[in-house]
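Chemist: Can you keep this structure in mind? I'll have questions shortly.
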Amino acid sequence: MSNAPVARLEAAADPYCWLENRDAAEVLDYLKAENAYLEAQLADEAALREQLFQEIKGRIRETDLGLPSPWGPYLYYHRTTAGDEYPRHYRCKRPHSDSVEIDPSSEELLLDPNALADGGFISVGAFSISPDHQRLAYSLDTSGEEVYELFIKDLSSGKVTALPFANCDGRMTWANDSQTVFFVELDDTHRPYKLFRHTLGEQNAEMIFHETDERFFLSCYRSSSERKLILQLGSKTTTECWVVDADTPEASFTCLAPREEGHEYDADHGKHNGIWTWFIRSNQHGINFAVLTADDATPQREHWQLYRAHDPEVMVDGITLNEQAVVLSLRKGGLPIIEVQPEAAPVYNVHLPDAAYSLFVQDSLEFESPVIRLRYEALNRPAQVRQLQLNDGTQQVLKETPVLGTFNPDDYISQRLWASAGDGTLVPISLVAKRDVLGKPAPLYLYGYGAYGECLDPWFSHARLSLLERGFVFAIAHVRGGGELGEAWYRGGKLEHKQNSFSDFISCAEHLISEGYTDSTQLVISGGSAGGLLIGAVLNRRPDLFAAAIAEVPFVDVLNTMLNPDLPLTVTEYDEWGDPNHPEVFERIKGYAPYENISAQPYPAILAVAGYNDSRVQYWEAAKWVAKLRTKKTDSNLLLLKTELDAGHGGMSGRYQALKDAALEYAFILKCLGFNSF
């Protein structure tokens with residue numbers, strides 16, 4: 001990939017393209033100067049930042065044991081220790097089939113990221129135990145660029161072998177012989193595009209598949225039954241799957257359904273009525289997806305049979321297969337629903353206590369298991385791992401994320417509101433506050449995303465309590481472009497309909513003000529990545545509505561980025577934003593692109609955060625945006641840029657660093673809103 005600025009339709013109008021010269025001395029000096037400026041502007045908040053950090057850290061159980069997951073003769077789990085940035089991974093002998101009690105005498109340390117990081121950045125990609133439990137395949141990113149090195153650890157001897165392959169995306173998939181591992185290579189634009197098969201002990205790997213269409217990403221995974229390997233090729237709008245028996249990894253893959261523009265599907269393998277069966281989630285019958293099945297021996301599309309019909313009111317998000325039941329992850333009315341279809345009992349939905357929540361299958365456990373594990377949380381309820389008895393729906397809370405101190409979820413109220421957009425569409429808002437706060441305008445933190453069909457379901461945050469305890473309200477605007485209300489909701493906020501995401505967010509802000517939850521002098525907005533684009537766009541349109549804004553790794557230079565096919569992921573993004581090489585698309589994107597639409601007007605206080613090694617949203621997007629804002633805006637409000645020079649899209653690695661980042665953002669907010677006490 002070239003780091004030089006590309007030719008632009010309006011290159012002369014972009015005086016800050018020099019910031020795209022990665023590693024140039026003047027660019028690094030500029031970014032460091034911006035970091036120093038931020039620290040100087042927030043110097044008076046140093047004590048507040050430290051107090052916030054200690055507050056947040058004080059709510060977290062620093063030494064904790066993860067919930068063990070049973071597999072074969074072992075229990076696999078992780079443990080966090082006070083002072084360590086990363087959890088360590090362990091296993092121990094399994095006492096008996098229905099126990100998850102740790103046996104300390106047989107405990108083995110499998111991987112310690114703290115030792116591997118040695119104080120620097122590290123991210124563990126794959127962590128995959130071989131089917132015979134003798135080896136661990138794992139991958140490491142040591143820069144934040146999301147490029148991984150691959151390793152095999154012999155769990156008997158402890159010997160670690162670095163595999164001699166470069167530019168890997170980090171995924172590693174075992175065949176059933178425990179000698180064959182599949183991995184994926186990245187192209188020059190950071191796209192997963194080649195699948196390789198490697199036999200342990202050999203120096204080379206055989207390329208199995210080469211995806212030449214730049215819109216398509218490649219991945220490989222094991223089926224729920226552990227009897228099949230599935231190669232999936234997907235763009236934003238089209239999918240193609242190939243399969244092979246996990247017992248014969250040297251065989252050729254078979255295509256389930258050749259790609260057809262607009263046909264999205266995914267596949268899994270399990271049992272139905274005691275017979276090995278393929279399950280396919282496909283949009284060929286409607287945009288919210290239907291479920292089809294096929295016989296084990298004839299999985300091709302011409303043999304698919306309808307299992308669950310398309311429902312225009314219900315989105316089929318996913319399928320979890322188990323010998324005891326088929327579990328469907330659905331969405332209806334903006335909320336996730338788990339529907340269980342036991343082999344020998346009536347169908348039922350999982351019942352939950354809150355009005356707005358996040359829910360998904362966290363662990364299907366072993367294929368033969370009579371239980372699965374669900375992860376459940378709400379804005380006022382810490383994450384719980386719930387064990388679901390598949391045959392009758394009985395639930396047991398196995399673990400709840402602890403909140404140290406005096407936290408009581410009943411002290412907070414969680415609500416679901418609906419704002420009316422300009423075209424009459426009702427847009428959901430999830431909201432939480434202390435019970436005694438509601439009833440008068442209060443400082444409010446409004447978060448948004450609205451892209452890629454991603455569902456921004458309510459989540460609990462230890463850090464957020466520091467705002468709620470200071471009288472803040474926290475809200476999520478579930479704008480179009482996300483997937484909360486199904487595929488039509490997603491399509492209503494992409495391509496030529498992208499403007500709906502911005503108008504929905506503004507409508508949510510106006511609704512919260514008109515209903516007395518807050519006012520424009522106390523309203524803070526935030527979003528990251530594509531959500532940063534959302535924040536940049538609404539700031540250009542209605543800066544008067546907001547007191548402050550935070551944009552994390554913001555996709556604010558969308559037009560110039562989409563005009564540069566040499567950048568990572570650009571071509572694959574055409575299906576989301578459009579190809580600006582077409583004049584009508586160019587004008588459409590130019591009409592909302594945050595960077596292009598900065599104007600001479602007052603803006604609220606702004607904090608932008610970038611990662612220098614970010615391969616998804618380049619650091620210069622935030623840097624150029626801030627630089628242009630400095631010359632255009634007509635106010636004296638704070639405008640700060642923080643570039644993490646050793647981090648990527650997800651920020652700095654390590655849990656304590658994440659807490660410090662939250663403390664910085666909260667100190668910025670409190671300063672902007674004039675909070676004079678801690």
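In the structure tokens, chains take the letters A, B, ... in the order shown, each chain's residues start at 1, and ligands count up from 1 in the order shown.
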Please return, as number ranges by chain, all residues of region 536-643 of chain A that DSSP assigns to alpha helix (DSSP H) on the basis of the backbone.

Modeler: A: 536-541, 558-562, 574-577, 583-592, 619-632

Chemist: I need the residues from that last selection saved to file as a tab-separated table (two decimals), in the first residue's frame (with C-alpha atoms), if you can.

Modeler:
chain	number	residue	atom	x	y	z
A	536	GLY	CA	-19.10	14.85	12.24
A	537	ALA	CA	-22.11	15.12	9.94
A	538	VAL	CA	-24.60	16.23	12.60
A	539	LEU	CA	-22.11	18.76	13.99
A	540	ASN	CA	-21.99	20.44	10.58
A	541	ARG	CA	-25.77	20.51	10.38
A	558	VAL	CA	-15.11	9.61	3.80
A	559	LEU	CA	-15.05	11.18	0.33
A	560	ASN	CA	-11.27	11.25	-0.08
A	561	THR	CA	-10.92	7.79	1.44
A	562	MET	CA	-13.52	6.29	-0.88
A	574	TYR	CA	-18.56	0.65	-2.03
A	575	ASP	CA	-21.60	-1.46	-1.14
A	576	GLU	CA	-22.08	0.57	2.06
A	577	TRP	CA	-21.39	4.13	0.90
A	583	PRO	CA	-20.50	11.49	-10.50
A	584	GLU	CA	-23.90	11.13	-8.82
A	585	VAL	CA	-22.40	9.14	-5.95
A	586	PHE	CA	-19.53	11.62	-5.65
A	587	GLU	CA	-22.02	14.45	-5.21
A	588	ARG	CA	-24.09	12.46	-2.73
A	589	ILE	CA	-21.14	11.63	-0.47
A	590	LYS	CA	-19.73	15.13	-0.86
A	591	GLY	CA	-23.08	16.43	0.38
A	592	TYR	CA	-22.64	14.88	3.83
A	619	TYR	CA	-5.15	8.38	11.64
A	620	TRP	CA	-5.11	11.31	9.22
A	621	GLU	CA	-8.90	11.42	8.98
A	622	ALA	CA	-9.19	12.80	12.51
A	623	ALA	CA	-6.03	14.89	12.12
A	624	LYS	CA	-7.20	16.59	8.91
A	625	TRP	CA	-10.69	17.11	10.30
A	626	VAL	CA	-9.36	18.84	13.41
A	627	ALA	CA	-6.89	20.92	11.40
A	628	LYS	CA	-9.63	22.20	9.11
A	629	LEU	CA	-11.97	22.87	12.02
A	630	ARG	CA	-9.28	25.02	13.63
A	631	THR	CA	-9.19	27.35	10.63
A	632	LYS	CA	-12.93	27.44	9.93

Chemist: Name the residues in contact with region 489-493 of chain A at a cut-off of 9 Å, using only C-alpha atoms, excluding same-chain residues fewer than 4 positions from it; report them as an NGL selection string.

Modeler: :A and (450-454 or 479-485 or 497-502)

Chemist: So that I can see what lies close to Ile525 (chain A), please list as a ChimeraX atom specification the residues with an atom at most 9 Å from it, counting only C-alpha atoms and leaving out residues fewer than 6 positions away in the same chain.

Modeler: /A:444-448,535,546-551

Chemist: Can you write just those residues out, N, CA, C and O atoms, as a JSON list (two decimals), in the first residue's frame?

Modeler:
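Final file, result.json:
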[["chain", "number", "residue", "atom", "x", "y", "z"],
["A", 444, "LEU", "N", -26.66, 15.11, 29.52],
["A", 444, "LEU", "CA", -27.02, 13.85, 28.85],
["A", 444, "LEU", "C", -25.95, 13.50, 27.83],
["A", 444, "LEU", "O", -25.51, 14.35, 27.04],
["A", 445, "TYR", "N", -25.54, 12.25, 27.84],
["A", 445, "TYR", "CA", -24.53, 11.70, 26.92],
["A", 445, "TYR", "C", -25.28, 10.83, 25.91],
["A", 445, "TYR", "O", -25.84, 9.80, 26.27],
["A", 446, "LEU", "N", -25.30, 11.26, 24.64],
["A", 446, "LEU", "CA", -26.04, 10.56, 23.59],
["A", 446, "LEU", "C", -25.06, 9.90, 22.64],
["A", 446, "LEU", "O", -24.21, 10.56, 22.04],
["A", 447, "TYR", "N", -25.20, 8.58, 22.47],
["A", 447, "TYR", "CA", -24.28, 7.79, 21.65],
["A", 447, "TYR", "C", -24.99, 7.30, 20.41],
["A", 447, "TYR", "O", -26.20, 6.99, 20.44],
["A", 448, "GLY", "N", -24.25, 7.21, 19.29],
["A", 448, "GLY", "CA", -24.84, 6.71, 18.05],
["A", 448, "GLY", "C", -23.84, 6.01, 17.17],
["A", 448, "GLY", "O", -22.63, 6.21, 17.29],
["A", 535, "ILE", "N", -21.25, 11.63, 13.93],
["A", 535, "ILE", "CA", -21.05, 12.79, 14.79],
["A", 535, "ILE", "C", -20.57, 13.99, 13.97],
["A", 535, "ILE", "O", -21.07, 15.11, 14.11],
["A", 546, "PHE", "N", -25.72, 20.99, 20.52],
["A", 546, "PHE", "CA", -24.82, 20.22, 21.37],
["A", 546, "PHE", "C", -23.82, 21.10, 22.11],
["A", 546, "PHE", "O", -23.36, 22.12, 21.58],
["A", 547, "ALA", "N", -23.46, 20.65, 23.31],
["A", 547, "ALA", "CA", -22.46, 21.36, 24.11],
["A", 547, "ALA", "C", -21.06, 20.81, 23.87],
["A", 547, "ALA", "O", -20.07, 21.55, 23.98],
["A", 548, "ALA", "N", -20.95, 19.52, 23.56],
["A", 548, "ALA", "CA", -19.64, 18.89, 23.36],
["A", 548, "ALA", "C", -19.82, 17.62, 22.55],
["A", 548, "ALA", "O", -20.92, 17.05, 22.50],
["A", 549, "ALA", "N", -18.72, 17.17, 21.93],
["A", 549, "ALA", "CA", -18.77, 15.96, 21.10],
["A", 549, "ALA", "C", -17.45, 15.21, 21.21],
["A", 549, "ALA", "O", -16.38, 15.83, 21.31],
["A", 550, "ILE", "N", -17.55, 13.88, 21.18],
["A", 550, "ILE", "CA", -16.37, 13.02, 21.16],
["A", 550, "ILE", "C", -16.48, 12.14, 19.92],
["A", 550, "ILE", "O", -17.51, 11.50, 19.68],
["A", 551, "ALA", "N", -15.42, 12.12, 19.13],
["A", 551, "ALA", "CA", -15.37, 11.31, 17.91],
["A", 551, "ALA", "C", -14.17, 10.37, 18.00],
["A", 551, "ALA", "O", -13.03, 10.81, 17.95]]

Chemist: Show me, as number ranges by chain, the residues that have an atom within 8 Å of Asp295 (chain A) when counting only C-alpha atoms, minus same-chain residues fewer than 3 positions from it.

Modeler: A: 276-278, 298-299, 303

Chemist: Could you take the residues named above and write them with N, CA, C and O atoms, as a PDB file, in the first residue's frame?

Modeler:
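Result file follows (selection_24.pdb):
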ATOM      1  N   TRP A 276     -28.218 -35.947  10.622  1.00  0.00           N
ATOM      2  CA  TRP A 276     -27.274 -34.890  10.283  1.00  0.00           C
ATOM      3  C   TRP A 276     -27.850 -34.039   9.156  1.00  0.00           C
ATOM      4  O   TRP A 276     -28.276 -34.553   8.120  1.00  0.00           O
ATOM      5  N   THR A 277     -27.849 -32.719   9.382  1.00  0.00           N
ATOM      6  CA  THR A 277     -28.572 -31.804   8.498  1.00  0.00           C
ATOM      7  C   THR A 277     -27.804 -30.493   8.353  1.00  0.00           C
ATOM      8  O   THR A 277     -27.168 -30.021   9.303  1.00  0.00           O
ATOM      9  N   TRP A 278     -27.886 -29.921   7.162  1.00  0.00           N
ATOM     10  CA  TRP A 278     -27.395 -28.565   6.942  1.00  0.00           C
ATOM     11  C   TRP A 278     -28.515 -27.566   7.222  1.00  0.00           C
ATOM     12  O   TRP A 278     -29.661 -27.769   6.806  1.00  0.00           O
ATOM     13  N   THR A 298     -26.325 -33.842   0.417  1.00  0.00           N
ATOM     14  CA  THR A 298     -26.673 -33.004  -0.739  1.00  0.00           C
ATOM     15  C   THR A 298     -26.945 -31.570  -0.275  1.00  0.00           C
ATOM     16  O   THR A 298     -28.089 -31.116  -0.238  1.00  0.00           O
ATOM     17  N   PRO A 299     -25.883 -30.837   0.085  1.00  0.00           N
ATOM     18  CA  PRO A 299     -26.088 -29.494   0.644  1.00  0.00           C
ATOM     19  C   PRO A 299     -26.274 -28.401  -0.405  1.00  0.00           C
ATOM     20  O   PRO A 299     -26.510 -27.253  -0.033  1.00  0.00           O
ATOM     21  N   HIS A 303     -31.146 -28.414  -3.461  1.00  0.00           N
ATOM     22  CA  HIS A 303     -31.743 -29.361  -2.517  1.00  0.00           C
ATOM     23  C   HIS A 303     -32.251 -28.690  -1.246  1.00  0.00           C
ATOM     24  O   HIS A 303     -32.734 -29.380  -0.345  1.00  0.00           O
TER      25      HIS A 303
END

Chemist: Pick out the closest residue to Thr572 (chain A) from this set: A:Val524, A:Val27, A:Leu218, A:Val437. Count only C-alpha atoms.

Modeler: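 Among A:Val524, A:Val27, A:Leu218, A:Val437, it is A:Leu218 that comes nearest to Thr572 (chain A).
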
Chemist: Between A:Lys236, A:Arg301, A:Arg222, A:Arg94, single out the one closest to Asn176 (chain A), counting only C-alpha atoms.

Modeler: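 Checking each candidate against Asn176 (chain A), we get A:Arg222 as the closest.
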
Chemist: What are the DSSP strand (DSSP E) residues of region 189-278 of chain A, as a ChimeraX atom specification?

Modeler: /A:192-199,206-210,217-222,228-234,239-245,254-255,265-272,275-278

Chemist: What lies within 8 Å of Asn637 (chain A) using only C-alpha atoms, ignoring chain neighbours under 2 positions off, as JSON, numbers by chain?

Modeler: {"A": [603, 604, 605, 606, 635, 639]}

Chemist: Within 10 Å of Asp410 (chain A), counting only C-alpha atoms, which residues show up once you throw out same-chain ones fewer than 5 positions away? Write them as a PyMOL selection string, please.

Modeler: chain A and resi 380-381+434-435

Chemist: Find the residues around Arg386 (chain A) up to 9 Å (only C-alpha atoms counted), leave out those fewer than 2 positions away in its own chain, and share them as a PyMOL selection string.

Modeler: chain A and resi 372-376+384+388+395-400

Chemist: May I have the selected residues written with N, CA, C and O atoms, as a PDB file, in the first residue's frame?

Modeler:
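Written file, again39.pdb:
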ATOM      1  N   ILE A 372     -27.011 -24.483  26.920  1.00  0.00           N
ATOM      2  CA  ILE A 372     -26.157 -23.496  26.272  1.00  0.00           C
ATOM      3  C   ILE A 372     -26.042 -22.301  27.215  1.00  0.00           C
ATOM      4  O   ILE A 372     -26.758 -22.229  28.227  1.00  0.00           O
ATOM      5  N   ARG A 373     -25.156 -21.370  26.886  1.00  0.00           N
ATOM      6  CA  ARG A 373     -24.985 -20.187  27.713  1.00  0.00           C
ATOM      7  C   ARG A 373     -25.363 -18.932  26.936  1.00  0.00           C
ATOM      8  O   ARG A 373     -24.965 -18.762  25.781  1.00  0.00           O
ATOM      9  N   LEU A 374     -26.125 -18.078  27.601  1.00  0.00           N
ATOM     10  CA  LEU A 374     -26.543 -16.811  27.035  1.00  0.00           C
ATOM     11  C   LEU A 374     -25.842 -15.669  27.770  1.00  0.00           C
ATOM     12  O   LEU A 374     -25.590 -15.766  28.974  1.00  0.00           O
ATOM     13  N   ARG A 375     -25.538 -14.604  27.049  1.00  0.00           N
ATOM     14  CA  ARG A 375     -25.036 -13.390  27.690  1.00  0.00           C
ATOM     15  C   ARG A 375     -26.142 -12.349  27.640  1.00  0.00           C
ATOM     16  O   ARG A 375     -26.683 -12.055  26.570  1.00  0.00           O
ATOM     17  N   TYR A 376     -26.441 -11.811  28.809  1.00  0.00           N
ATOM     18  CA  TYR A 376     -27.545 -10.869  28.952  1.00  0.00           C
ATOM     19  C   TYR A 376     -27.077  -9.670  29.751  1.00  0.00           C
ATOM     20  O   TYR A 376     -26.374  -9.811  30.758  1.00  0.00           O
ATOM     21  N   GLN A 384     -24.583 -10.748  32.572  1.00  0.00           N
ATOM     22  CA  GLN A 384     -24.788 -12.052  33.200  1.00  0.00           C
ATOM     23  C   GLN A 384     -24.545 -13.152  32.168  1.00  0.00           C
ATOM     24  O   GLN A 384     -24.915 -13.009  31.002  1.00  0.00           O
ATOM     25  N   LEU A 388     -28.992 -21.931  30.000  1.00  0.00           N
ATOM     26  CA  LEU A 388     -30.339 -22.246  29.546  1.00  0.00           C
ATOM     27  C   LEU A 388     -30.475 -23.749  29.357  1.00  0.00           C
ATOM     28  O   LEU A 388     -29.740 -24.352  28.559  1.00  0.00           O
ATOM     29  N   GLN A 395     -33.657 -21.254  33.386  1.00  0.00           N
ATOM     30  CA  GLN A 395     -32.460 -20.420  33.350  1.00  0.00           C
ATOM     31  C   GLN A 395     -31.787 -20.390  34.718  1.00  0.00           C
ATOM     32  O   GLN A 395     -32.456 -20.391  35.749  1.00  0.00           O
ATOM     33  N   GLN A 396     -30.464 -20.338  34.686  1.00  0.00           N
ATOM     34  CA  GLN A 396     -29.670 -20.189  35.903  1.00  0.00           C
ATOM     35  C   GLN A 396     -28.569 -19.177  35.639  1.00  0.00           C
ATOM     36  O   GLN A 396     -27.833 -19.292  34.652  1.00  0.00           O
ATOM     37  N   VAL A 397     -28.458 -18.156  36.488  1.00  0.00           N
ATOM     38  CA  VAL A 397     -27.382 -17.175  36.349  1.00  0.00           C
ATOM     39  C   VAL A 397     -26.105 -17.802  36.910  1.00  0.00           C
ATOM     40  O   VAL A 397     -25.968 -17.981  38.120  1.00  0.00           O
ATOM     41  N   LEU A 398     -25.183 -18.144  36.020  1.00  0.00           N
ATOM     42  CA  LEU A 398     -23.931 -18.765  36.443  1.00  0.00           C
ATOM     43  C   LEU A 398     -22.929 -17.730  36.943  1.00  0.00           C
ATOM     44  O   LEU A 398     -22.143 -18.006  37.845  1.00  0.00           O
ATOM     45  N   LYS A 399     -22.949 -16.549  36.324  1.00  0.00           N
ATOM     46  CA  LYS A 399     -21.991 -15.511  36.707  1.00  0.00           C
ATOM     47  C   LYS A 399     -22.543 -14.151  36.324  1.00  0.00           C
ATOM     48  O   LYS A 399     -23.098 -13.990  35.237  1.00  0.00           O
ATOM     49  N   GLU A 400     -22.415 -13.203  37.232  1.00  0.00           N
ATOM     50  CA  GLU A 400     -22.742 -11.820  36.933  1.00  0.00           C
ATOM     51  C   GLU A 400     -21.488 -10.990  37.125  1.00  0.00           C
ATOM     52  O   GLU A 400     -20.789 -11.134  38.127  1.00  0.00           O
TER      53      GLU A 400
END

Chemist: What does the distance from CA of Val556 (chain A) to CA of Leu417 (chain A) come to in Å, to one decimal?

Modeler: 28.7 Å

Chemist: Go through A:Gly270, A:Pro565, A:Pro87, A:Pro192 one by one, measure the shortest atom-to-atom distance of each to Phe367 (chain A) using only C-alpha atoms, and give the residue with the smallest value.

Modeler: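 Checking each of A:Gly270, A:Pro565, A:Pro87, A:Pro192 against Phe367 (chain A), counting only C-alpha atoms, the winner is A:Gly270.
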
Chemist: Could you state the separation of CA of His462 (chain A) and CA of Pro443 (chain A) in Å, given to one decimal place?

Modeler: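 Atom-to-atom, CA of His462 (chain A) and CA of Pro443 (chain A) are spaced 18.5 Å apart.
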
Chemist: Using only C-alpha atoms, find the one residue out of A:Glu313, A:Asp579, A:Glu487, A:Glu250 that sits nearest to Glu264 (chain A).

Modeler: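 Result for the nearest residue to Glu264 (chain A): A:Glu487.
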